[in-house]
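Below is one structure; the comments refer to it alone.
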Amino acid sequence: MMGPNSIHFILGGARSGKSRFAENAAARSGKNVIYIATAEGLDDEMIDRIAHHKNHRPASWAVIESPLQLADTIEQNATEHTCIIVDCLTLYLTNWLCKDNDAAWQNEKQRLLSVLENAAHNKFQIVLVSNEVGQGIVPLGELSRTFVDQAGWLHQDIASLAGTVDFIVAGLNMRLKPQKGEQ
């Protein structure tokens, strides 16, 4: 069970085990789990990935697909009896960047941060999953660089609000920011 700040932020690379780690954290919460998926099945490979994730989640978990309006979806479903998993923030960011409307993205991002700030002071629990993409070289192409920049800024903002931050590598977690009272 998490303490007073119930935001748990989980970062890792592709296939690092971050989703499994998040799902285990949610299962341990003892609350009703709501899984908010941000992926869209726009090609066969992504449809297969989505099916793989669905097949490995408990059937009792509610699933909401929310590729763009994440702040509203969290706000509408958060209660003291829920643990929300958002998987994943980088797909959510990608969905917004593909809309090619920076002003709309910045408004949505500020709404999300506001909802998360409220979560930090309320009783609902949220587990946020995202891909860490800023450890490589600066990518070629403006869109790729914009994605890395925006992901990095989003991660910094969320990490500052989160009570707990974990980085997952090879299925193992490194606690970057412990919940108050943890060592």
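Ligands are numbered from 1 in the order shown, residues from 1 within each chain, and chains are lettered A, B, ... in the order they appear in the structure tokens.
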Determine, using only C-alpha atoms, which residues of segment 110-174 of chain A have any atom at most 12 Å from an atom of segment 36-57 of chain A, and tabulate each with its shortest atom pair and distance in Å to one decimal place, rows ordered by chain and then rising number, as CSV.
```
residue,atom,partner,partner_atom,distance
A:Ile126,CA,A:Ile36,CA,10.4
A:Val127,CA,A:Ile36,CA,10.1
A:Leu128,CA,A:Ile36,CA,9.6
A:Val129,CA,A:Ala37,CA,10.3
A:Ser130,CA,A:Thr38,CA,10.8
```
Q | One-decimal distance in Å that lies between atom CA of Met174 of chain A and atom CA of Asp87 of chain A | A |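 These atoms are spaced 19.0 Å apart.
Among the candidate residues A:Leu143, A:Ile84, A:Ile137, A:Ala78, the one lying nearest to Asp100 of chain A is A:Leu143, with distances computed using only C-alpha atoms.
Near segment 3-17 of chain A, within 7 Å and counting only C-alpha atoms, sit Ala119, Ala120, His121, Phe124, Gln125, Ile126, Val127, Leu128, Val129, Ser130, Asn131, Glu132, Ala159, Ala162, Gly163, Thr164, Val165, Asp166, Phe167, Ile168, Val169, Ala170 and Gly171 of chain A, not including residues fewer than 5 positions from it in the same chain.
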(Q) When you count only C-alpha atoms, which of these residues is closest to Pro67 of chain A: A:Val148, A:Cys83, A:Val33, A:Leu93? (A)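 Closest residue, counting only C-alpha atoms: A:Leu93.
With only C-alpha atoms as the atoms that count, the residue of A:Leu140, A:Ile85, A:Ile64, A:Ile74 with the shortest distance to Arg111 of chain A is A:Ile74.
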Q: From the DSSP assignment of the backbone, select every residue of chain A that is helix (DSSP H, G or I), and format the answer as a PyMOL selection string.
A: chain A and resi 18-28+44-55+70-77+89-98+102-121+142-161
